[in-house]
Amino acid sequence: MPSKCIQQEIQPLGQPKSVSGTMKILLVFDFDNTIIDDNSDTWILQCAPEKKLPIELQDSYKKGFWTEFMGRVFKYLGDEGVREDEMKRAMTSMPFTPGMAELLNFIRKNKNTFDCIIISDSNSVFIDWVLEATSFHDVFDKVFTNPAAFDSNGHLTVEKHHTHSCPRCPQNLCKNVVLVEFVGEQLQQGVNYTRIVYIGDGGNDVCPVTFLKKNDVAMPRKGYALQKTLYRMCQNLEPMESSVVSWSSGVEIISYLQFLIKE
């Protein structure tokens, strides 16, 4: 993979211009296959009878409507007698991506430099369970995801995060819209980010990466859809302002963040 498209080594970035207010670096994380080393929505199928869904339920998925599909999955699990404690045990057994615990501990020690948010197409219950079980809740300033809760029957229900008009994203979540709104709100509060570092893996991370500017950094996980798409965009000479630095371990991300701090 040519280095001009996907940087494999740390390359110096230009210094951002200083403006008034609090100056910090914003770290934006995806959750599935980024913080955790699997997909939480498919991992929960370990709780299903024979660890799989009926064919008719599998076939009910329509592209762009994953949240609605997961609503049906959660109803099926509830109807099959799967309860909250069993789901929680399964969810908190998911492995972290290599080096991710080290990375989150590094961020915790440098919170005066970094703000840190999650934008995920998982759901609030799953993410809360994982962050609580691993004691990493305090690392993140905000979590943007699909709201979920257990109803009076003990069934997990999930709703879409918001409505939007972006044609590229699933109808329940455009991560670009979330990021733009968050950065704008922070600016109104006097917090200006010198740089945004976006750490993700999936196809739905492409849209927010297009929001990144010259001093920002897109960090796609090696071998996953985001890296492959960014490489293809580069080959096609599609415009993208940010630097691109791929990673396979959170320890590599630590090295890059240390480099940014020292600049």
# chains A, B, ... in the order shown; residues from 1 in each chain; ligands from 1
call {"tool": "residues_around", "arguments": {"residues": "region 242-248 of chain A", "least_positions_apart": "2", "cutoff": "6 Å", "atoms": "only C-alpha atoms", "output": "number ranges by chain"}}
result
A: 6-7, 212-214, 216-222, 240
call {"tool": "write_last_selection", "arguments": {"atoms": "C-alpha atoms", "output": "mmCIF file, in the first residue's frame"}}
result
data_model
loop_
_atom_site.group_PDB
_atom_site.id
_atom_site.type_symbol
_atom_site.label_atom_id
_atom_site.label_comp_id
_atom_site.auth_asym_id
_atom_site.auth_seq_id
_atom_site.Cartn_x
_atom_site.Cartn_y
_atom_site.Cartn_z
ATOM 1 C CA ILE A 6 -1.868 5.493 3.908
ATOM 2 C CA GLN A 7 0.936 6.698 6.148
ATOM 3 C CA LEU A 212 -11.724 16.410 9.071
ATOM 4 C CA LYS A 213 -9.485 19.293 8.029
ATOM 5 C CA LYS A 214 -5.808 19.733 7.191
ATOM 6 C CA ASP A 216 -6.702 16.550 11.686
ATOM 7 C CA VAL A 217 -5.834 12.861 11.565
ATOM 8 C CA ALA A 218 -7.888 9.884 10.416
ATOM 9 C CA MET A 219 -6.681 6.680 12.088
ATOM 10 C CA PRO A 220 -8.261 3.636 10.399
ATOM 11 C CA ARG A 221 -7.677 0.143 11.776
ATOM 12 C CA LYS A 222 -5.488 -1.854 9.406
ATOM 13 C CA MET A 240 -9.473 14.460 1.594
#
call {"tool": "residues_around", "arguments": {"residues": "Phe31 (chain A)", "least_positions_apart": "4", "cutoff": "8 Å", "atoms": "only C-alpha atoms", "output": "ChimeraX atom specification"}}
result
/A:35-36,118-120,122,127,200
call {"tool": "write_last_selection", "arguments": {"atoms": "all heavy atoms", "output": "PDB file, in the first residue's frame"}}
result
ATOM      1  N   ILE A  35     -12.692  -0.099  19.909  1.00  0.00           N
ATOM      2  CA  ILE A  35     -12.392  -0.253  21.329  1.00  0.00           C
ATOM      3  C   ILE A  35     -12.471  -1.729  21.713  1.00  0.00           C
ATOM      4  O   ILE A  35     -11.563  -2.274  22.344  1.00  0.00           O
ATOM      5  CB  ILE A  35     -13.355   0.592  22.180  1.00  0.00           C
ATOM      6  CG1 ILE A  35     -13.089   2.086  21.945  1.00  0.00           C
ATOM      7  CG2 ILE A  35     -13.193   0.262  23.671  1.00  0.00           C
ATOM      8  CD1 ILE A  35     -14.049   3.009  22.672  1.00  0.00           C
ATOM      9  N   ILE A  36     -13.565  -2.366  21.327  1.00  0.00           N
ATOM     10  CA  ILE A  36     -13.678  -3.816  21.540  1.00  0.00           C
ATOM     11  C   ILE A  36     -13.321  -4.534  20.245  1.00  0.00           C
ATOM     12  O   ILE A  36     -13.492  -3.980  19.153  1.00  0.00           O
ATOM     13  CB  ILE A  36     -15.094  -4.219  22.015  1.00  0.00           C
ATOM     14  CG1 ILE A  36     -16.163  -3.702  21.039  1.00  0.00           C
ATOM     15  CG2 ILE A  36     -15.336  -3.727  23.440  1.00  0.00           C
ATOM     16  CD1 ILE A  36     -17.551  -4.230  21.318  1.00  0.00           C
ATOM     17  N   ILE A 118     -17.112   8.921  22.156  1.00  0.00           N
ATOM     18  CA  ILE A 118     -17.448   7.749  21.354  1.00  0.00           C
ATOM     19  C   ILE A 118     -18.634   8.116  20.467  1.00  0.00           C
ATOM     20  O   ILE A 118     -19.601   8.730  20.937  1.00  0.00           O
ATOM     21  CB  ILE A 118     -17.836   6.549  22.241  1.00  0.00           C
ATOM     22  CG1 ILE A 118     -16.618   6.008  23.005  1.00  0.00           C
ATOM     23  CG2 ILE A 118     -18.460   5.425  21.411  1.00  0.00           C
ATOM     24  CD1 ILE A 118     -16.970   4.933  24.027  1.00  0.00           C
ATOM     25  N   ILE A 119     -18.557   7.762  19.195  1.00  0.00           N
ATOM     26  CA  ILE A 119     -19.713   7.836  18.292  1.00  0.00           C
ATOM     27  C   ILE A 119     -19.883   6.447  17.702  1.00  0.00           C
ATOM     28  O   ILE A 119     -19.036   5.981  16.935  1.00  0.00           O
ATOM     29  CB  ILE A 119     -19.528   8.877  17.177  1.00  0.00           C
ATOM     30  CG1 ILE A 119     -19.091  10.234  17.737  1.00  0.00           C
ATOM     31  CG2 ILE A 119     -20.828   9.026  16.387  1.00  0.00           C
ATOM     32  CD1 ILE A 119     -18.842  11.291  16.662  1.00  0.00           C
ATOM     33  N   SER A 120     -20.963   5.776  18.082  1.00  0.00           N
ATOM     34  CA  SER A 120     -21.096   4.357  17.760  1.00  0.00           C
ATOM     35  C   SER A 120     -22.510   3.990  17.337  1.00  0.00           C
ATOM     36  O   SER A 120     -23.485   4.521  17.860  1.00  0.00           O
ATOM     37  CB  SER A 120     -20.708   3.522  18.989  1.00  0.00           C
ATOM     38  OG  SER A 120     -21.083   2.173  18.827  1.00  0.00           O
ATOM     39  N   SER A 122     -23.638   1.077  18.006  1.00  0.00           N
ATOM     40  CA  SER A 122     -24.044   0.046  18.955  1.00  0.00           C
ATOM     41  C   SER A 122     -25.238   0.590  19.735  1.00  0.00           C
ATOM     42  O   SER A 122     -26.148   1.179  19.143  1.00  0.00           O
ATOM     43  CB  SER A 122     -22.873  -0.311  19.874  1.00  0.00           C
ATOM     44  OG  SER A 122     -23.248  -1.316  20.802  1.00  0.00           O
ATOM     45  N   ILE A 127     -22.615  -0.330  25.575  1.00  0.00           N
ATOM     46  CA  ILE A 127     -21.420   0.478  25.812  1.00  0.00           C
ATOM     47  C   ILE A 127     -21.258   0.778  27.299  1.00  0.00           C
ATOM     48  O   ILE A 127     -20.151   0.680  27.849  1.00  0.00           O
ATOM     49  CB  ILE A 127     -21.467   1.779  24.976  1.00  0.00           C
ATOM     50  CG1 ILE A 127     -21.392   1.435  23.485  1.00  0.00           C
ATOM     51  CG2 ILE A 127     -20.321   2.720  25.363  1.00  0.00           C
ATOM     52  CD1 ILE A 127     -21.537   2.627  22.556  1.00  0.00           C
ATOM     53  N   GLY A 200     -11.205   4.721  14.059  1.00  0.00           N
ATOM     54  CA  GLY A 200     -12.341   3.869  13.711  1.00  0.00           C
ATOM     55  C   GLY A 200     -11.951   2.750  12.780  1.00  0.00           C
ATOM     56  O   GLY A 200     -10.771   2.524  12.507  1.00  0.00           O
TER      57      GLY A 200
END
call {"tool": "atom_distance", "arguments": {"atom1": "CA of Cys116 (chain A)", "atom2": "CA of Ser255 (chain A)"}}
result
17.0 Å
call {"tool": "residues_around", "arguments": {"residues": "region 78-93 of chain A", "least_positions_apart": "3", "cutoff": "7 Å", "atoms": "only C-alpha atoms", "output": "VMD selection string"}}
result
chain A and resid 40 44 47 74 to 75 126 129 to 130 133 154 to 155
call {"tool": "write_last_selection", "arguments": {"atoms": "N, CA and C atoms", "output": "PDB file, in the first residue's frame"}}
result
ATOM      1  N   SER A  40     -20.501  -5.833  18.920  1.00  0.00           N
ATOM      2  CA  SER A  40     -21.357  -6.120  20.076  1.00  0.00           C
ATOM      3  C   SER A  40     -22.711  -6.683  19.654  1.00  0.00           C
ATOM      4  N   ILE A  44     -23.794 -10.612  20.892  1.00  0.00           N
ATOM      5  CA  ILE A  44     -24.908 -10.922  21.787  1.00  0.00           C
ATOM      6  C   ILE A  44     -25.640 -12.189  21.343  1.00  0.00           C
ATOM      7  N   CYS A  47     -26.104 -15.462  23.266  1.00  0.00           N
ATOM      8  CA  CYS A  47     -27.217 -15.713  24.183  1.00  0.00           C
ATOM      9  C   CYS A  47     -28.399 -16.402  23.496  1.00  0.00           C
ATOM     10  N   PHE A  74     -33.518  -8.310  19.643  1.00  0.00           N
ATOM     11  CA  PHE A  74     -33.659  -8.211  21.098  1.00  0.00           C
ATOM     12  C   PHE A  74     -35.025  -8.732  21.556  1.00  0.00           C
ATOM     13  N   LYS A  75     -36.056  -8.484  20.748  1.00  0.00           N
ATOM     14  CA  LYS A  75     -37.377  -9.013  21.096  1.00  0.00           C
ATOM     15  C   LYS A  75     -37.358 -10.544  21.064  1.00  0.00           C
ATOM     16  N   PHE A 126     -25.143  -1.569  25.926  1.00  0.00           N
ATOM     17  CA  PHE A 126     -23.942  -2.370  25.702  1.00  0.00           C
ATOM     18  C   PHE A 126     -22.678  -1.575  26.040  1.00  0.00           C
ATOM     19  N   TRP A 129     -22.293  -1.029  29.815  1.00  0.00           N
ATOM     20  CA  TRP A 129     -21.856  -2.268  30.473  1.00  0.00           C
ATOM     21  C   TRP A 129     -20.350  -2.465  30.333  1.00  0.00           C
ATOM     22  N   VAL A 130     -19.841  -2.289  29.117  1.00  0.00           N
ATOM     23  CA  VAL A 130     -18.413  -2.526  28.868  1.00  0.00           C
ATOM     24  C   VAL A 130     -17.552  -1.494  29.588  1.00  0.00           C
ATOM     25  N   ALA A 133     -17.663  -2.213  33.346  1.00  0.00           N
ATOM     26  CA  ALA A 133     -16.939  -3.427  33.729  1.00  0.00           C
ATOM     27  C   ALA A 133     -15.433  -3.237  33.661  1.00  0.00           C
ATOM     28  N   GLY A 154     -38.794  -6.942  30.580  1.00  0.00           N
ATOM     29  CA  GLY A 154     -37.411  -7.392  30.652  1.00  0.00           C
ATOM     30  C   GLY A 154     -36.746  -7.551  29.302  1.00  0.00           C
ATOM     31  N   HIS A 155     -37.383  -6.989  28.248  1.00  0.00           N
ATOM     32  CA  HIS A 155     -36.811  -7.051  26.904  1.00  0.00           C
ATOM     33  C   HIS A 155     -35.986  -5.794  26.641  1.00  0.00           C
TER      34      HIS A 155
END
call {"tool": "select_by_dssp", "arguments": {"residues": "region 85-165 of chain A", "states": "strand (DSSP E)", "output": "ChimeraX atom specification"}}
result
/A:114-123,142-146,148-150,156-158
call {"tool": "decode", "arguments": {"residues": "region 19-52 of chain A", "atoms": "N, CA, C and O atoms", "output": "compact mmCIF listing (two decimals), in the first residue's frame"}}
result
# COMPACT_ATOMS: atom_id res chain seq x y z
N VAL A 19 -5.91 30.09 18.71
CA VAL A 19 -7.03 31.00 18.88
C VAL A 19 -7.34 31.09 20.36
O VAL A 19 -6.82 30.32 21.17
N SER A 20 -8.18 32.04 20.72
CA SER A 20 -8.50 32.22 22.12
C SER A 20 -9.36 31.07 22.62
O SER A 20 -10.01 30.38 21.86
N GLY A 21 -9.36 30.87 23.95
CA GLY A 21 -10.16 29.82 24.55
C GLY A 21 -9.30 28.62 24.91
O GLY A 21 -8.09 28.62 24.74
N THR A 22 -9.95 27.57 25.42
CA THR A 22 -9.26 26.36 25.80
C THR A 22 -8.84 25.57 24.56
O THR A 22 -9.63 25.37 23.65
N MET A 23 -7.58 25.16 24.53
CA MET A 23 -7.05 24.44 23.36
C MET A 23 -6.82 22.98 23.73
O MET A 23 -6.06 22.67 24.65
N LYS A 24 -7.48 22.06 23.03
CA LYS A 24 -7.32 20.65 23.31
C LYS A 24 -7.34 19.86 22.00
O LYS A 24 -7.73 20.38 20.95
N ILE A 25 -6.94 18.61 22.10
CA ILE A 25 -7.07 17.67 20.98
C ILE A 25 -8.30 16.81 21.25
O ILE A 25 -8.49 16.32 22.36
N LEU A 26 -9.16 16.67 20.25
CA LEU A 26 -10.35 15.83 20.38
C LEU A 26 -10.07 14.45 19.80
O LEU A 26 -9.70 14.32 18.64
N LEU A 27 -10.27 13.43 20.62
CA LEU A 27 -10.17 12.05 20.17
C LEU A 27 -11.57 11.49 19.99
O LEU A 27 -12.38 11.52 20.92
N VAL A 28 -11.86 10.98 18.81
CA VAL A 28 -13.17 10.42 18.50
C VAL A 28 -13.00 8.93 18.23
O VAL A 28 -12.22 8.53 17.37
N PHE A 29 -13.71 8.11 19.00
CA PHE A 29 -13.61 6.66 18.87
C PHE A 29 -14.90 6.06 18.35
O PHE A 29 -15.99 6.42 18.78
N ASP A 30 -14.76 5.09 17.43
CA ASP A 30 -15.83 4.14 17.20
C ASP A 30 -15.75 3.13 18.35
O ASP A 30 -14.81 3.14 19.14
N PHE A 31 -16.74 2.23 18.46
CA PHE A 31 -16.75 1.26 19.55
C PHE A 31 -16.50 -0.16 19.04
O PHE A 31 -15.48 -0.77 19.35
N ASP A 32 -17.41 -0.68 18.22
CA ASP A 32 -17.28 -2.04 17.71
C ASP A 32 -16.05 -2.16 16.80
O ASP A 32 -15.84 -1.34 15.91
N ASN A 33 -15.24 -3.20 17.04
CA ASN A 33 -14.03 -3.47 16.27
C ASN A 33 -13.00 -2.34 16.33
O ASN A 33 -12.07 -2.31 15.54
N THR A 34 -13.18 -1.45 17.29
CA THR A 34 -12.19 -0.40 17.53
C THR A 34 -11.78 -0.45 19.00
O THR A 34 -10.66 -0.84 19.32
N ILE A 35 -12.69 -0.10 19.91
CA ILE A 35 -12.39 -0.25 21.33
C ILE A 35 -12.47 -1.73 21.71
O ILE A 35 -11.56 -2.27 22.34
N ILE A 36 -13.57 -2.37 21.33
CA ILE A 36 -13.68 -3.82 21.54
C ILE A 36 -13.32 -4.53 20.24
O ILE A 36 -13.49 -3.98 19.15
N ASP A 37 -12.84 -5.76 20.38
CA ASP A 37 -12.31 -6.48 19.23
C ASP A 37 -13.35 -7.39 18.60
O ASP A 37 -13.07 -8.53 18.24
N ASP A 38 -14.57 -6.89 18.49
CA ASP A 38 -15.66 -7.65 17.87
C ASP A 38 -16.82 -6.69 17.66
O ASP A 38 -16.71 -5.50 17.95
N ASN A 39 -17.94 -7.22 17.18
CA ASN A 39 -19.15 -6.43 16.98
C ASN A 39 -20.13 -6.80 18.09
O ASN A 39 -20.56 -7.95 18.20
N SER A 40 -20.50 -5.83 18.92
CA SER A 40 -21.36 -6.12 20.08
C SER A 40 -22.71 -6.68 19.65
O SER A 40 -23.27 -7.55 20.34
N ASP A 41 -23.24 -6.22 18.53
CA ASP A 41 -24.57 -6.67 18.09
C ASP A 41 -24.55 -8.13 17.62
O ASP A 41 -25.57 -8.82 17.72
N THR A 42 -23.44 -8.59 17.09
CA THR A 42 -23.36 -10.00 16.70
C THR A 42 -22.87 -10.86 17.87
O THR A 42 -23.25 -12.02 17.99
N TRP A 43 -22.07 -10.28 18.74
CA TRP A 43 -21.58 -11.00 19.93
C TRP A 43 -22.74 -11.44 20.82
O TRP A 43 -22.71 -12.52 21.41
N ILE A 44 -23.79 -10.61 20.89
CA ILE A 44 -24.91 -10.92 21.79
C ILE A 44 -25.64 -12.19 21.34
O ILE A 44 -26.40 -12.78 22.14
N LEU A 45 -25.41 -12.64 20.11
CA LEU A 45 -26.06 -13.85 19.64
C LEU A 45 -25.57 -15.09 20.38
O LEU A 45 -26.16 -16.17 20.25
N GLN A 46 -24.51 -14.94 21.16
CA GLN A 46 -24.09 -16.05 22.03
C GLN A 46 -25.20 -16.43 23.01
O GLN A 46 -25.24 -17.54 23.52
N CYS A 47 -26.10 -15.46 23.27
CA CYS A 47 -27.22 -15.71 24.18
C CYS A 47 -28.40 -16.40 23.50
O CYS A 47 -29.33 -16.86 24.17
N ALA A 48 -28.39 -16.45 22.17
CA ALA A 48 -29.52 -17.02 21.44
C ALA A 48 -29.49 -18.54 21.50
O ALA A 48 -28.42 -19.14 21.66
N PRO A 49 -30.64 -19.18 21.36
CA PRO A 49 -30.66 -20.64 21.28
C PRO A 49 -29.74 -21.12 20.15
O PRO A 49 -29.83 -20.61 19.03
N GLU A 50 -28.85 -22.04 20.46
CA GLU A 50 -27.86 -22.55 19.51
C GLU A 50 -26.97 -21.45 18.93
O GLU A 50 -26.31 -21.64 17.89
N LYS A 51 -26.97 -20.29 19.60
CA LYS A 51 -26.12 -19.15 19.22
C LYS A 51 -26.36 -18.67 17.79
O LYS A 51 -25.46 -18.19 17.10
N LYS A 52 -27.61 -18.77 17.35
CA LYS A 52 -27.95 -18.27 16.01
C LYS A 52 -29.40 -17.86 15.97
O LYS A 52 -30.20 -18.20 16.85
